[in-house]
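Structure, as structure tokens:
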Amino acid sequence: MKTDIILAGVGGQGILSIATTLGAAALNENYYLKQAETHGMSQRGGAVVSHLRISDKPIYSDLIPMGEADIILSVEPLESLRYLPYLSKGGSLVTNTTEFKNIPNYPELDKTFEELRKKFKIVQIEADKIARDIGNPKASNMVMLGAASPFINIHDEIIVEGIRTIFKQKGENIVYLNTKAFEAGKKFTGK
């Protein structure tokens with residue numbers, strides 16, 4: 001078992017919480033784990049990326065080579081395109097549709113995703129809307145994790161235990177709300 005995941009977004013969107021949740025889930029299963037992250041200027045809306053590698057065998061590098069990521073999980077659509085060269089031929093792209101327009105010439109993306117659908121498995125999800133609809137607008141990152149879960153080689157209940165591990169110190173209600181967000185994302189993808 002091996003899953004290489006690029007997590008992409010901009011500052012404040014919860015990329016690192018997704019990485020921490022999956023990391024906790026992997027460690028709970030005694031999997032090997034490597035993670036590298038870049039989040040310079042992230043508190044000002046700058047790009048945030050994390051390379052997350054999970055395997056049942058030792059992993060020797062924390063960076064995913066170009067063209068070898070199994071999944072790009074992006075909480076911002078333009079950021080998903082930035083890391084597209086990392087995606088393998090059979091890889092999956094799971095992206096939020098809510099744009100974070102932090103540049104003046106933010107492009108129209110509909111035609112780009114239409115073309116990309118010919119080459120890759122793409123899940124586009126209104127994670128922010130789903131998170132608001134379930135009463136937890138801050139948990140769109142967990143909606144995204146749920147939407148990506150069918151492409152991650154870790155059982156859902158183990159990921160939910162990872163959610164419990166990282167949010168338990170904030171109380172049972174926060175664990176419940178984040179688990180509910182995860183389930184909503186999973187339901188969207190149809191798992």
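Within each chain, counting starts at residue 1; across the structure tokens, chains are named A, B, ... in the order shown, with ligands numbered 1 upward in that order.
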
(message) Can you pull out every residue from range 41-186 of chain A that DSSP, working from the backbone, puts in alpha helix (DSSP H), and format the result as a VMD selection string?
(response) chain A and resid 77 to 82 110 to 116 127 to 133 140 to 148 156 to 167 172 to 186

(message) Would you pick out the contacts of range 6-21 of chain A at 9 Å or less, using only C-alpha atoms, so that residues sharing its chain but fewer than 3 positions from it are not included, and give the list as JSON, numbers by chain?
(response) {"A": [24, 25, 26, 35, 37, 39, 40, 41, 42, 43, 44, 45, 46, 47, 48, 49, 50, 51, 52, 53, 64, 69, 70, 71, 72, 73, 74, 75, 76, 77, 78, 79, 80, 82, 83, 86, 87, 100, 138, 139, 140, 141, 142, 144, 145, 159, 160, 161, 162, 163, 164, 165, 166, 167]}

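Taking CA of Leu27 in chain A as the reference point, CA of Ser61 in chain A is found at 17.3 Å.
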
(message) Could you list, as a ChimeraX atom specification, every residue within 12 Å of Ser92 in chain A, counting only C-alpha atoms and ignoring same-chain residues fewer than 2 positions away?
(response) /A:3-6,67-74,80,84,86-90,94-95,116-117,119-124,147-152

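Considering only C-alpha atoms, the residue among A:Ile154, A:Lys101, A:Gly135, A:Ile125 positioned nearest to Thr189 in chain A is A:Ile125.
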
(request) Would you please give, as a PyMOL selection string, all residues of range 23-119 of chain A that DSSP assigns to strand (DSSP E) based on the backbone? (result) chain A and resi 32-38+47-55+69-74+87-96

Would you save the residues of that selection, restricted to C-alpha atoms, as a PDB file, in the first residue's frame?
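What follows is the written file result_5.pdb:
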ATOM      1  CA  TYR A  32       5.223   4.735   7.377  1.00  0.00           C
ATOM      2  CA  LEU A  33       4.732   8.438   6.834  1.00  0.00           C
ATOM      3  CA  LYS A  34       6.749  11.287   5.339  1.00  0.00           C
ATOM      4  CA  GLN A  35       5.525  14.843   5.067  1.00  0.00           C
ATOM      5  CA  ALA A  36       7.008  18.102   3.813  1.00  0.00           C
ATOM      6  CA  GLU A  37       5.212  21.404   3.742  1.00  0.00           C
ATOM      7  CA  THR A  38       5.751  24.921   2.486  1.00  0.00           C
ATOM      8  CA  ALA A  47       0.270  29.325  -1.357  1.00  0.00           C
ATOM      9  CA  VAL A  48       0.469  26.367   0.998  1.00  0.00           C
ATOM     10  CA  VAL A  49       1.516  22.927  -0.187  1.00  0.00           C
ATOM     11  CA  SER A  50       2.189  19.689   1.603  1.00  0.00           C
ATOM     12  CA  HIS A  51       3.684  16.499   0.214  1.00  0.00           C
ATOM     13  CA  LEU A  52       2.231  13.582   2.161  1.00  0.00           C
ATOM     14  CA  ARG A  53       3.456  10.044   1.568  1.00  0.00           C
ATOM     15  CA  ILE A  54       1.875   7.069   3.323  1.00  0.00           C
ATOM     16  CA  SER A  55       3.004   3.475   2.846  1.00  0.00           C
ATOM     17  CA  ALA A  69       1.318  11.757  -7.037  1.00  0.00           C
ATOM     18  CA  ASP A  70      -1.738   9.537  -6.684  1.00  0.00           C
ATOM     19  CA  ILE A  71      -3.924  12.433  -5.591  1.00  0.00           C
ATOM     20  CA  ILE A  72      -3.959  16.178  -5.669  1.00  0.00           C
ATOM     21  CA  LEU A  73      -6.317  17.380  -2.965  1.00  0.00           C
ATOM     22  CA  SER A  74      -6.761  21.118  -3.435  1.00  0.00           C
ATOM     23  CA  LEU A  87      -0.100  14.055 -10.784  1.00  0.00           C
ATOM     24  CA  SER A  88       0.475  10.557 -12.178  1.00  0.00           C
ATOM     25  CA  LYS A  89      -1.309   9.415 -15.352  1.00  0.00           C
ATOM     26  CA  GLY A  90      -3.878   7.417 -13.389  1.00  0.00           C
ATOM     27  CA  GLY A  91      -4.080   9.972 -10.615  1.00  0.00           C
ATOM     28  CA  SER A  92      -7.092  11.782  -9.215  1.00  0.00           C
ATOM     29  CA  LEU A  93      -7.626  15.487  -8.718  1.00  0.00           C
ATOM     30  CA  VAL A  94     -10.076  16.497  -5.999  1.00  0.00           C
ATOM     31  CA  THR A  95     -10.638  20.232  -5.903  1.00  0.00           C
ATOM     32  CA  ASN A  96     -12.846  22.728  -4.185  1.00  0.00           C
TER      33      ASN A  96
END

(request) Using CA of Pro137 in chain A and CA of Glu157 in chain A as the two end points, give the distance in Å to one decimal. (result) 22.8 Å

(request) Please indicate the distance in Å from CA of Asp133 in chain A to CA of Ile174 in chain A, rounded to one decimal place. (result) 16.2 Å

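Nearest to Thr179 in chain A of all the residues A:Asp110, A:Leu81, A:Gly146, A:His155 is A:Gly146, counting only C-alpha atoms.
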